[in-house]
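Structure record follows, encoded as structure tokens.
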Amino acid sequence: MHKKYTIAVIGLGLIGGSILKAFSSKDFYLIGVSRSLDTVNKALNLNIVNECSTDINIVKSADIVFICAPISKIIYTIDQISKIVSQDCIVTDVASLKEFVIDHVNGYDSPLNFVGGHPMAGTEQQGIDYAAANLFNGAKWVLTPSKWSKSDSIEKLKDLINLIGGSPIIADANEHDKAAALISHTTLFISQVLFSLVNSYPEKNIKELALRLAASGFRDTTRLAGTNSELAKDMIISNKQNVIKTTYEFKNHLEIMLNNLNSNEIEFTNLIEKLAKNRRKMYSSDGKNIY
Ligand code: NAP
């Protein structure tokens, strides 16, 4: 019988695999669960788990469970977990949206020691092959408590997140989804629109030349358009109301800047100088958010 603090991770993709990789250099007993046997075998071969299976029941003895399945599978997985783990077990998730998760758990008749989570780290890649132990270094990690969250469990979760390089931030689930629409989901949507603008440009010669000339500027502003489509669709559609509202706000800003460009070049120049200054202050030279 193992006595070490036991961490279980369900859904061994980019995020789940990275959590396990990060904890595997520390002194924990690690359990992994994934949908496919192929991924389970990869986790075992990578030596990032003590036990791994496609059977979710192996998390029964866990002290904490990280649910890292796709957004569309989160509720189903929390429901399954709630029937398996002890009342002391801390259950958290990493879904990019928080309100629907917290609302669901708050609706339970009996307690589940659940704290919602969302690490603000990732890449456009998908799957365990792209998992990295340092993915969460310097990354903010949002925690959205549920009505069942025990305060000492929130503290324990914060400690674990700190241990793998993350920086926990407590937020309200509804406000998280609005903020995530602003800096993540609408940004993804606009990146897709920007790529589509060039990719379907009506003048064929110009389009071909532009695609051939495109360098780091276009690469950086359209990077999110390459996000794995399962995650992209889940994030934008599940947060549709906030994304639509934010996109209308974007259109207002576009109008203002377009009007300035058209009729007031001095104002336009002042505006972009101020924007550039604020944008430069937001990130360190190694790309970390220092706001
Ligand atoms: P991913 O690389 O596609 O990994 C998802 C994994 O979940 C897959 O490896 C898949 O396993 C497994 N899975 C699918 N259905 C499952 C089920 N019913 N039970 C157990 N495992 C299941 O996706 P990801 O990018 O890691 O995203 C996972 C979660 O992280 C999502 O909720 C997303 O919102 C959140 N998130 C993602 C990012 C990001 O940038 N990618 C950032 C922050 C948060 P198999 O390989 O075995 O099929």
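Just remember, in the structure tokens the first chain shown is A, the second B, etc., residues are 1-based per chain, and ligands are 1-based in the order shown.
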
Residues within 8 Å of ligand 1 should be enumerated using only C-alpha atoms and all ligand atoms and returned as a PyMOL selection string.
chain A and resi 10-17+33-40+54+56+67-74+76-77+93-97+118-128+130+227-228+230-231+234-235

Output the selection as an mmCIF file, in the first residue's frame - C-alpha atoms for each residue.
```
data_model
loop_
_atom_site.group_PDB
_atom_site.id
_atom_site.type_symbol
_atom_site.label_atom_id
_atom_site.label_comp_id
_atom_site.auth_asym_id
_atom_site.auth_seq_id
_atom_site.Cartn_x
_atom_site.Cartn_y
_atom_site.Cartn_z
ATOM 1 C CA ILE A 10 -7.632 12.334 -15.863
ATOM 2 C CA GLY A 11 -7.156 13.131 -19.569
ATOM 3 C CA LEU A 12 -3.500 12.786 -20.490
ATOM 4 C CA GLY A 13 -3.232 15.328 -23.292
ATOM 5 C CA LEU A 14 -1.247 18.540 -23.532
ATOM 6 C CA ILE A 15 -2.377 19.892 -20.144
ATOM 7 C CA GLY A 16 -2.837 16.610 -18.210
ATOM 8 C CA GLY A 17 0.454 15.229 -19.559
ATOM 9 C CA VAL A 33 -6.292 7.930 -16.571
ATOM 10 C CA SER A 34 -6.920 8.483 -20.249
ATOM 11 C CA ARG A 35 -9.437 7.460 -22.886
ATOM 12 C CA SER A 36 -7.112 5.489 -25.167
ATOM 13 C CA LEU A 37 -4.764 2.642 -24.336
ATOM 14 C CA ASP A 38 -2.196 4.193 -26.662
ATOM 15 C CA THR A 39 -1.978 7.325 -24.457
ATOM 16 C CA VAL A 40 -1.919 5.201 -21.285
ATOM 17 C CA THR A 54 -8.325 3.659 -19.087
ATOM 18 C CA ILE A 56 -11.326 5.780 -14.011
ATOM 19 C CA ILE A 67 -9.622 16.594 -14.492
ATOM 20 C CA CYS A 68 -7.952 17.517 -17.788
ATOM 21 C CA ALA A 69 -10.436 16.126 -20.308
ATOM 22 C CA PRO A 70 -11.825 18.237 -23.188
ATOM 23 C CA ILE A 71 -14.384 20.892 -22.171
ATOM 24 C CA SER A 72 -17.268 18.816 -23.559
ATOM 25 C CA LYS A 73 -16.326 15.875 -21.275
ATOM 26 C CA ILE A 74 -15.713 17.808 -18.042
ATOM 27 C CA TYR A 76 -19.540 13.875 -17.315
ATOM 28 C CA THR A 77 -16.118 13.225 -15.750
ATOM 29 C CA ASP A 93 -10.368 20.713 -13.328
ATOM 30 C CA VAL A 94 -8.505 22.749 -15.952
ATOM 31 C CA ALA A 95 -11.316 23.637 -18.373
ATOM 32 C CA SER A 96 -10.934 26.981 -20.130
ATOM 33 C CA LEU A 97 -14.464 27.943 -19.019
ATOM 34 C CA HIS A 118 -7.806 27.095 -15.345
ATOM 35 C CA PRO A 119 -4.057 27.260 -16.004
ATOM 36 C CA MET A 120 -3.323 30.218 -18.277
ATOM 37 C CA ALA A 121 -0.767 28.231 -20.255
ATOM 38 C CA GLY A 122 -0.884 26.101 -23.344
ATOM 39 C CA THR A 123 0.089 25.820 -26.950
ATOM 40 C CA GLU A 124 -1.804 25.228 -30.182
ATOM 41 C CA GLN A 125 -0.712 21.559 -30.057
ATOM 42 C CA GLN A 126 -2.770 18.618 -28.817
ATOM 43 C CA GLY A 127 -1.891 15.390 -27.015
ATOM 44 C CA ILE A 128 0.653 13.928 -24.616
ATOM 45 C CA TYR A 130 3.521 17.868 -26.774
ATOM 46 C CA THR A 227 -5.185 25.921 -32.220
ATOM 47 C CA ASN A 228 -6.426 22.326 -32.258
ATOM 48 C CA GLU A 230 -11.614 20.518 -30.802
ATOM 49 C CA LEU A 231 -10.408 23.004 -28.174
ATOM 50 C CA ASP A 234 -15.305 24.215 -27.482
ATOM 51 C CA MET A 235 -13.881 27.516 -26.178
#
```

Residues at most 10 Å from A:Lys288, counting only C-alpha atoms, excluding those fewer than 2 positions away in the same chain, as an NGL selection string?
:A and (137-140 or 282-286 or 290-291)

Identify, on the basis of only C-alpha atoms, every residue whose closest approach to A:Glu155 does not exceed 12 Å; exclude the query and any residue fewer than 4 positions from it along the same chain; express the result as an mmCIF file with N, CA, C and O atoms, in the first residue's frame.
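That gives us out_0.cif:
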```cif
data_model
loop_
_atom_site.group_PDB
_atom_site.id
_atom_site.type_symbol
_atom_site.label_atom_id
_atom_site.label_comp_id
_atom_site.auth_asym_id
_atom_site.auth_seq_id
_atom_site.Cartn_x
_atom_site.Cartn_y
_atom_site.Cartn_z
ATOM 1 N N ILE A 90 -9.554 16.303 -2.897
ATOM 2 C CA ILE A 90 -9.733 17.590 -3.590
ATOM 3 C C ILE A 90 -9.918 17.270 -5.072
ATOM 4 O O ILE A 90 -9.110 16.552 -5.665
ATOM 5 N N VAL A 115 -12.820 22.465 -6.491
ATOM 6 C CA VAL A 115 -12.332 23.827 -6.749
ATOM 7 C C VAL A 115 -12.068 23.906 -8.253
ATOM 8 O O VAL A 115 -11.260 23.134 -8.779
ATOM 9 N N LEU A 143 -8.232 29.961 -9.977
ATOM 10 C CA LEU A 143 -9.008 29.023 -9.156
ATOM 11 C C LEU A 143 -10.370 29.650 -8.879
ATOM 12 O O LEU A 143 -10.448 30.802 -8.433
ATOM 13 N N PRO A 145 -13.476 28.796 -6.652
ATOM 14 C CA PRO A 145 -14.062 27.886 -5.655
ATOM 15 C C PRO A 145 -15.541 27.616 -5.921
ATOM 16 O O PRO A 145 -16.244 28.458 -6.490
ATOM 17 N N SER A 149 -16.133 23.942 -1.759
ATOM 18 C CA SER A 149 -14.665 23.979 -1.579
ATOM 19 C C SER A 149 -14.307 24.211 -0.116
ATOM 20 O O SER A 149 -14.792 25.165 0.495
ATOM 21 N N LYS A 150 -13.430 23.356 0.423
ATOM 22 C CA LYS A 150 -12.955 23.574 1.798
ATOM 23 C C LYS A 150 -11.766 24.529 1.721
ATOM 24 O O LYS A 150 -10.919 24.384 0.836
ATOM 25 N N SER A 151 -11.700 25.487 2.674
ATOM 26 C CA SER A 151 -10.653 26.510 2.546
ATOM 27 C C SER A 151 -9.247 25.911 2.654
ATOM 28 O O SER A 151 -8.333 26.346 1.955
ATOM 29 N N ASP A 159 -0.633 25.505 -3.054
ATOM 30 C CA ASP A 159 0.740 25.032 -2.811
ATOM 31 C C ASP A 159 1.215 24.130 -3.950
ATOM 32 O O ASP A 159 2.347 24.231 -4.420
ATOM 33 N N LEU A 160 0.328 23.234 -4.391
ATOM 34 C CA LEU A 160 0.706 22.294 -5.455
ATOM 35 C C LEU A 160 0.961 23.042 -6.765
ATOM 36 O O LEU A 160 1.890 22.723 -7.514
ATOM 37 N N ILE A 161 0.127 24.037 -7.043
ATOM 38 C CA ILE A 161 0.290 24.824 -8.273
ATOM 39 C C ILE A 161 1.613 25.591 -8.224
ATOM 40 O O ILE A 161 2.374 25.614 -9.200
ATOM 41 N N ASN A 162 1.893 26.185 -7.050
ATOM 42 C CA ASN A 162 3.172 26.896 -6.885
ATOM 43 C C ASN A 162 4.356 25.962 -7.133
ATOM 44 O O ASN A 162 5.351 26.344 -7.739
ATOM 45 N N PRO A 168 -1.209 30.956 -8.553
ATOM 46 C CA PRO A 168 -2.666 30.889 -8.395
ATOM 47 C C PRO A 168 -3.329 32.242 -8.194
ATOM 48 O O PRO A 168 -2.776 33.103 -7.507
ATOM 49 N N ILE A 169 -4.504 32.395 -8.798
ATOM 50 C CA ILE A 169 -5.302 33.622 -8.658
ATOM 51 C C ILE A 169 -6.752 33.208 -8.441
ATOM 52 O O ILE A 169 -7.311 32.468 -9.264
ATOM 53 N N ILE A 170 -7.349 33.646 -7.332
ATOM 54 C CA ILE A 170 -8.754 33.309 -7.075
ATOM 55 C C ILE A 170 -9.645 34.278 -7.852
ATOM 56 O O ILE A 170 -9.400 35.486 -7.851
#
```

Residues within 7 Å of stretch 99-113 of chain A, please, as a PDB file with all heavy atoms, in the first residue's frame. Count only C-alpha atoms; anything in the same chain fewer than 3 positions from it doesn't count.
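Produced file part28.pdb, reproduced below:
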```pdb
ATOM      1  N   ILE A  75     -18.077  17.815 -17.417  1.00  0.00           N
ATOM      2  CA  ILE A  75     -19.206  17.571 -16.504  1.00  0.00           C
ATOM      3  C   ILE A  75     -19.407  16.069 -16.286  1.00  0.00           C
ATOM      4  O   ILE A  75     -19.538  15.607 -15.146  1.00  0.00           O
ATOM      5  CB  ILE A  75     -20.503  18.208 -17.085  1.00  0.00           C
ATOM      6  CG1 ILE A  75     -20.357  19.737 -17.171  1.00  0.00           C
ATOM      7  CG2 ILE A  75     -21.744  17.797 -16.282  1.00  0.00           C
ATOM      8  CD1 ILE A  75     -20.218  20.449 -15.841  1.00  0.00           C
ATOM      9  N   SER A  82     -17.298  12.063  -8.719  1.00  0.00           N
ATOM     10  CA  SER A  82     -18.016  12.333  -7.465  1.00  0.00           C
ATOM     11  C   SER A  82     -18.512  11.034  -6.817  1.00  0.00           C
ATOM     12  O   SER A  82     -18.728  10.980  -5.617  1.00  0.00           O
ATOM     13  CB  SER A  82     -19.185  13.284  -7.715  1.00  0.00           C
ATOM     14  OG  SER A  82     -20.151  12.642  -8.512  1.00  0.00           O
ATOM     15  N   GLN A  87     -14.785  11.987   0.443  1.00  0.00           N
ATOM     16  CA  GLN A  87     -15.224  13.383   0.623  1.00  0.00           C
ATOM     17  C   GLN A  87     -14.068  14.324   0.902  1.00  0.00           C
ATOM     18  O   GLN A  87     -14.191  15.531   0.747  1.00  0.00           O
ATOM     19  CB  GLN A  87     -16.251  13.460   1.756  1.00  0.00           C
ATOM     20  CG  GLN A  87     -17.591  12.870   1.339  1.00  0.00           C
ATOM     21  CD  GLN A  87     -18.745  13.393   2.196  1.00  0.00           C
ATOM     22  OE1 GLN A  87     -18.537  14.096   3.174  1.00  0.00           O
ATOM     23  NE2 GLN A  87     -19.956  13.030   1.814  1.00  0.00           N
ATOM     24  N   ASP A  88     -12.916  13.766   1.354  1.00  0.00           N
ATOM     25  CA  ASP A  88     -11.746  14.610   1.623  1.00  0.00           C
ATOM     26  C   ASP A  88     -10.932  14.889   0.365  1.00  0.00           C
ATOM     27  O   ASP A  88     -10.106  15.809   0.348  1.00  0.00           O
ATOM     28  CB  ASP A  88     -10.817  13.925   2.644  1.00  0.00           C
ATOM     29  CG  ASP A  88     -11.448  13.937   4.022  1.00  0.00           C
ATOM     30  OD1 ASP A  88     -12.236  14.868   4.285  1.00  0.00           O
ATOM     31  OD2 ASP A  88     -11.175  13.005   4.798  1.00  0.00           O
ATOM     32  N   CYS A  89     -11.127  14.067  -0.643  1.00  0.00           N
ATOM     33  CA  CYS A  89     -10.330  14.223  -1.872  1.00  0.00           C
ATOM     34  C   CYS A  89     -10.618  15.594  -2.506  1.00  0.00           C
ATOM     35  O   CYS A  89     -11.776  15.993  -2.646  1.00  0.00           O
ATOM     36  CB  CYS A  89     -10.693  13.104  -2.843  1.00  0.00           C
ATOM     37  SG  CYS A  89      -9.874  13.245  -4.444  1.00  0.00           S
ATOM     38  N   ILE A  90      -9.554  16.303  -2.897  1.00  0.00           N
ATOM     39  CA  ILE A  90      -9.733  17.590  -3.590  1.00  0.00           C
ATOM     40  C   ILE A  90      -9.918  17.270  -5.072  1.00  0.00           C
ATOM     41  O   ILE A  90      -9.110  16.552  -5.665  1.00  0.00           O
ATOM     42  CB  ILE A  90      -8.485  18.493  -3.417  1.00  0.00           C
ATOM     43  CG1 ILE A  90      -8.160  18.693  -1.936  1.00  0.00           C
ATOM     44  CG2 ILE A  90      -8.677  19.826  -4.115  1.00  0.00           C
ATOM     45  CD1 ILE A  90      -6.789  19.318  -1.685  1.00  0.00           C
ATOM     46  N   VAL A  91     -10.985  17.783  -5.643  1.00  0.00           N
ATOM     47  CA  VAL A  91     -11.214  17.579  -7.085  1.00  0.00           C
ATOM     48  C   VAL A  91     -11.118  18.942  -7.759  1.00  0.00           C
ATOM     49  O   VAL A  91     -11.733  19.915  -7.313  1.00  0.00           O
ATOM     50  CB  VAL A  91     -12.596  16.938  -7.354  1.00  0.00           C
ATOM     51  CG1 VAL A  91     -12.788  16.708  -8.851  1.00  0.00           C
ATOM     52  CG2 VAL A  91     -12.735  15.623  -6.592  1.00  0.00           C
ATOM     53  N   GLY A 116     -12.747  24.803  -8.951  1.00  0.00           N
ATOM     54  CA  GLY A 116     -12.502  24.942 -10.393  1.00  0.00           C
ATOM     55  C   GLY A 116     -11.117  25.514 -10.647  1.00  0.00           C
ATOM     56  O   GLY A 116     -10.578  26.252  -9.825  1.00  0.00           O
ATOM     57  N   SER A 146     -15.992  26.443  -5.516  1.00  0.00           N
ATOM     58  CA  SER A 146     -17.426  26.118  -5.578  1.00  0.00           C
ATOM     59  C   SER A 146     -17.986  26.291  -4.170  1.00  0.00           C
ATOM     60  O   SER A 146     -17.233  26.567  -3.223  1.00  0.00           O
ATOM     61  CB  SER A 146     -17.622  24.666  -6.024  1.00  0.00           C
ATOM     62  OG  SER A 146     -17.196  23.785  -4.988  1.00  0.00           O
ATOM     63  N   LYS A 147     -19.274  26.091  -4.010  1.00  0.00           N
ATOM     64  CA  LYS A 147     -19.838  26.255  -2.654  1.00  0.00           C
ATOM     65  C   LYS A 147     -19.367  25.141  -1.716  1.00  0.00           C
ATOM     66  O   LYS A 147     -19.468  25.269  -0.505  1.00  0.00           O
ATOM     67  CB  LYS A 147     -21.368  26.322  -2.700  1.00  0.00           C
ATOM     68  CG  LYS A 147     -22.084  25.007  -2.912  1.00  0.00           C
ATOM     69  CD  LYS A 147     -23.589  25.202  -2.759  1.00  0.00           C
ATOM     70  CE  LYS A 147     -24.313  23.883  -2.747  1.00  0.00           C
ATOM     71  NZ  LYS A 147     -25.757  23.995  -2.834  1.00  0.00           N
ATOM     72  N   TRP A 148     -18.818  24.066  -2.296  1.00  0.00           N
ATOM     73  CA  TRP A 148     -18.362  22.937  -1.476  1.00  0.00           C
ATOM     74  C   TRP A 148     -16.873  23.018  -1.149  1.00  0.00           C
ATOM     75  O   TRP A 148     -16.360  22.198  -0.379  1.00  0.00           O
ATOM     76  CB  TRP A 148     -18.594  21.607  -2.213  1.00  0.00           C
ATOM     77  CG  TRP A 148     -19.984  21.380  -2.710  1.00  0.00           C
ATOM     78  CD1 TRP A 148     -20.384  21.332  -4.013  1.00  0.00           C
ATOM     79  CD2 TRP A 148     -21.159  21.129  -1.935  1.00  0.00           C
ATOM     80  NE1 TRP A 148     -21.717  21.075  -4.104  1.00  0.00           N
ATOM     81  CE2 TRP A 148     -22.230  20.950  -2.834  1.00  0.00           C
ATOM     82  CE3 TRP A 148     -21.412  21.042  -0.557  1.00  0.00           C
ATOM     83  CZ2 TRP A 148     -23.534  20.687  -2.420  1.00  0.00           C
ATOM     84  CZ3 TRP A 148     -22.709  20.773  -0.140  1.00  0.00           C
ATOM     85  CH2 TRP A 148     -23.750  20.602  -1.069  1.00  0.00           C
ATOM     86  N   SER A 149     -16.133  23.942  -1.759  1.00  0.00           N
ATOM     87  CA  SER A 149     -14.665  23.979  -1.579  1.00  0.00           C
ATOM     88  C   SER A 149     -14.307  24.211  -0.116  1.00  0.00           C
ATOM     89  O   SER A 149     -14.792  25.165   0.495  1.00  0.00           O
ATOM     90  CB  SER A 149     -14.039  25.123  -2.387  1.00  0.00           C
ATOM     91  OG  SER A 149     -14.380  25.058  -3.737  1.00  0.00           O
ATOM     92  N   LYS A 150     -13.430  23.356   0.423  1.00  0.00           N
ATOM     93  CA  LYS A 150     -12.955  23.574   1.798  1.00  0.00           C
ATOM     94  C   LYS A 150     -11.766  24.529   1.721  1.00  0.00           C
ATOM     95  O   LYS A 150     -10.919  24.384   0.836  1.00  0.00           O
ATOM     96  CB  LYS A 150     -12.504  22.246   2.415  1.00  0.00           C
ATOM     97  CG  LYS A 150     -13.645  21.235   2.540  1.00  0.00           C
ATOM     98  CD  LYS A 150     -13.113  19.922   3.103  1.00  0.00           C
ATOM     99  CE  LYS A 150     -14.214  18.876   3.141  1.00  0.00           C
ATOM    100  NZ  LYS A 150     -13.717  17.523   3.386  1.00  0.00           N
ATOM    101  N   ALA A 173     -16.228  32.738 -11.095  1.00  0.00           N
ATOM    102  CA  ALA A 173     -16.320  31.972 -12.342  1.00  0.00           C
ATOM    103  C   ALA A 173     -16.905  32.802 -13.493  1.00  0.00           C
ATOM    104  O   ALA A 173     -16.416  32.753 -14.629  1.00  0.00           O
ATOM    105  CB  ALA A 173     -17.154  30.718 -12.105  1.00  0.00           C
ATOM    106  N   ASN A 174     -17.954  33.574 -13.190  1.00  0.00           N
ATOM    107  CA  ASN A 174     -18.591  34.392 -14.219  1.00  0.00           C
ATOM    108  C   ASN A 174     -17.615  35.462 -14.737  1.00  0.00           C
ATOM    109  O   ASN A 174     -17.489  35.678 -15.959  1.00  0.00           O
ATOM    110  CB  ASN A 174     -19.858  35.018 -13.618  1.00  0.00           C
ATOM    111  CG  ASN A 174     -20.521  35.991 -14.547  1.00  0.00           C
ATOM    112  OD1 ASN A 174     -20.158  37.162 -14.597  1.00  0.00           O
ATOM    113  ND2 ASN A 174     -21.486  35.503 -15.306  1.00  0.00           N
ATOM    114  N   ASP A 177     -14.945  33.960 -17.018  1.00  0.00           N
ATOM    115  CA  ASP A 177     -15.362  33.668 -18.392  1.00  0.00           C
ATOM    116  C   ASP A 177     -15.392  34.938 -19.246  1.00  0.00           C
ATOM    117  O   ASP A 177     -15.071  34.906 -20.440  1.00  0.00           O
ATOM    118  CB  ASP A 177     -16.740  32.991 -18.403  1.00  0.00           C
ATOM    119  CG  ASP A 177     -16.661  31.555 -17.885  1.00  0.00           C
ATOM    120  OD1 ASP A 177     -15.551  31.126 -17.488  1.00  0.00           O
ATOM    121  OD2 ASP A 177     -17.698  30.865 -17.882  1.00  0.00           O
TER     122      ASP A 177
END
```

Interatomic distance, atom CA of A:Leu261 to atom CA of A:Lys277 (Å, one decimal)
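Computing the Euclidean distance for atom CA of A:Leu261 and atom CA of A:Lys277 yields 19.0 Å.
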
Just the strand (DSSP E or B) stuff from stretch 147-278 of chain A, please, per backbone DSSP, written as a PyMOL selection string.
chain A and resi 167-170

Serialized selection, C-alpha atoms, as a tab-separated table (two decimals), in the first residue's frame:
```
chain	number	residue	atom	x	y	z
A	167	SER	CA	0.85	31.40	-9.85
A	168	PRO	CA	-2.67	30.89	-8.39
A	169	ILE	CA	-5.30	33.62	-8.66
A	170	ILE	CA	-8.75	33.31	-7.08
```

Do you have the atom CA of A:Thr144-atom CA of A:His176 distance handy?
8.2 Å

Within 10 Å of stretch 18-24 of chain A: each stretch 45-104 of chain A residue with its shortest pair, only C-alpha atoms, as JSON lines:
```
{"residue": "A:Leu46", "atom": "CA", "partner": "A:Lys21", "partner_atom": "CA", "distance": 8.7}
{"residue": "A:Asn47", "atom": "CA", "partner": "A:Ser24", "partner_atom": "CA", "distance": 8.0}
{"residue": "A:Ile48", "atom": "CA", "partner": "A:Ser24", "partner_atom": "CA", "distance": 5.3}
{"residue": "A:Val49", "atom": "CA", "partner": "A:Leu20", "partner_atom": "CA", "distance": 7.2}
{"residue": "A:Asn50", "atom": "CA", "partner": "A:Ser24", "partner_atom": "CA", "distance": 9.4}
{"residue": "A:Phe66", "atom": "CA", "partner": "A:Ile19", "partner_atom": "CA", "distance": 8.6}
{"residue": "A:Cys68", "atom": "CA", "partner": "A:Ile19", "partner_atom": "CA", "distance": 9.2}
```

Dump of N, CA and C atoms for the selected residues, as an mmCIF file, in the first residue's frame:
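Contents of part-v5.cif, freshly written:
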```cif
data_model
loop_
_atom_site.group_PDB
_atom_site.id
_atom_site.type_symbol
_atom_site.label_atom_id
_atom_site.label_comp_id
_atom_site.auth_asym_id
_atom_site.auth_seq_id
_atom_site.Cartn_x
_atom_site.Cartn_y
_atom_site.Cartn_z
ATOM 1 N N LEU A 46 6.846 6.981 -20.608
ATOM 2 C CA LEU A 46 7.517 8.243 -20.241
ATOM 3 C C LEU A 46 7.938 8.257 -18.769
ATOM 4 N N ASN A 47 7.445 7.256 -18.020
ATOM 5 C CA ASN A 47 7.775 7.165 -16.585
ATOM 6 C C ASN A 47 7.243 8.337 -15.777
ATOM 7 N N ILE A 48 6.062 8.829 -16.141
ATOM 8 C CA ILE A 48 5.506 9.982 -15.417
ATOM 9 C C ILE A 48 4.329 9.556 -14.539
ATOM 10 N N VAL A 49 4.083 8.247 -14.463
ATOM 11 C CA VAL A 49 2.992 7.728 -13.631
ATOM 12 C C VAL A 49 3.453 6.477 -12.893
ATOM 13 N N ASN A 50 2.881 6.260 -11.701
ATOM 14 C CA ASN A 50 3.116 5.003 -10.993
ATOM 15 C C ASN A 50 2.108 3.967 -11.447
ATOM 16 N N PHE A 66 -6.936 15.934 -10.753
ATOM 17 C CA PHE A 66 -6.978 16.997 -11.766
ATOM 18 C C PHE A 66 -7.733 16.445 -12.977
ATOM 19 N N CYS A 68 -8.551 16.786 -16.653
ATOM 20 C CA CYS A 68 -7.952 17.517 -17.788
ATOM 21 C C CYS A 68 -8.522 17.028 -19.116
#
```

Near-A:Lys83 list (10 Å; only C-alpha atoms; drop same-chain fewer than 3 positions) as a list of chain:residue names:
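Counting only C-alpha atoms, the residues come to A:Asn57, A:Lys60, A:Ile78, A:Asp79, A:Gln80, A:Ser86, A:Gln87, A:Leu112.
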
Please, could you write that set of residues out with C-alpha atoms as an mmCIF file, in the first residue's frame?
```
data_model
loop_
_atom_site.group_PDB
_atom_site.id
_atom_site.type_symbol
_atom_site.label_atom_id
_atom_site.label_comp_id
_atom_site.auth_asym_id
_atom_site.auth_seq_id
_atom_site.Cartn_x
_atom_site.Cartn_y
_atom_site.Cartn_z
ATOM 1 C CA ASN A 57 -11.865 3.689 -10.849
ATOM 2 C CA LYS A 60 -10.312 5.915 -5.814
ATOM 3 C CA ILE A 78 -16.857 15.256 -12.587
ATOM 4 C CA ASP A 79 -20.117 13.286 -12.181
ATOM 5 C CA GLN A 80 -18.176 10.018 -12.488
ATOM 6 C CA SER A 86 -13.660 10.179 -0.751
ATOM 7 C CA GLN A 87 -15.224 13.383 0.623
ATOM 8 C CA LEU A 112 -17.886 17.310 -3.499
#
```

Need the shell around stretch 239-255 of chain A: protein/DNA/RNA residues with any atom at most 7 Å away, counting only C-alpha atoms. Skip same-chain ones fewer than 5 positions apart. Format as a ChimeraX atom specification?
/A:178,181-182,185-186

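Going from atom CA of A:Ile272 to atom CA of A:Ala179 covers 23.2 Å.
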
Helix (DSSP H, G or I) per DSSP on the backbone: members of stretch 162-270 of chain A, as a PyMOL selection string
chain A and resi 162-163+173-199+204-213+216-221+223-226+229-238+240-263+265-270

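Minimum atom-to-atom distances from A:Glu175, A:Asp129, A:Glu267, A:Asp220 to A:Ser191 were compared using only C-alpha atoms, and the lowest value belongs to A:Asp220.
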
Applying 12 Å and only C-alpha atoms, which residues near A:Glu208 remain after dropping the ones on its own chain fewer than 6 positions away? List them as a PyMOL selection string.
chain A and resi 198-202+214

Generate the output file for the selected residues, C-alpha atoms, as a PDB file, in the first residue's frame.
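Output contents, as saved in selection_6.pdb:
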```pdb
ATOM      1  CA  VAL A 198      -5.513  36.658 -46.106  1.00  0.00           C
ATOM      2  CA  ASN A 199      -6.239  33.059 -46.951  1.00  0.00           C
ATOM      3  CA  SER A 200      -9.399  33.906 -48.892  1.00  0.00           C
ATOM      4  CA  TYR A 201      -8.280  37.265 -50.299  1.00  0.00           C
ATOM      5  CA  PRO A 202     -10.128  37.762 -53.612  1.00  0.00           C
ATOM      6  CA  ALA A 214       4.501  36.474 -44.493  1.00  0.00           C
TER       7      ALA A 214
END
```

Pick from A:Asn134, A:Thr6, A:Ser238, A:Ser153, whichever lies nearest to A:Ala62 using only C-alpha atoms
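Closest to A:Ala62, using only C-alpha atoms: A:Thr6.
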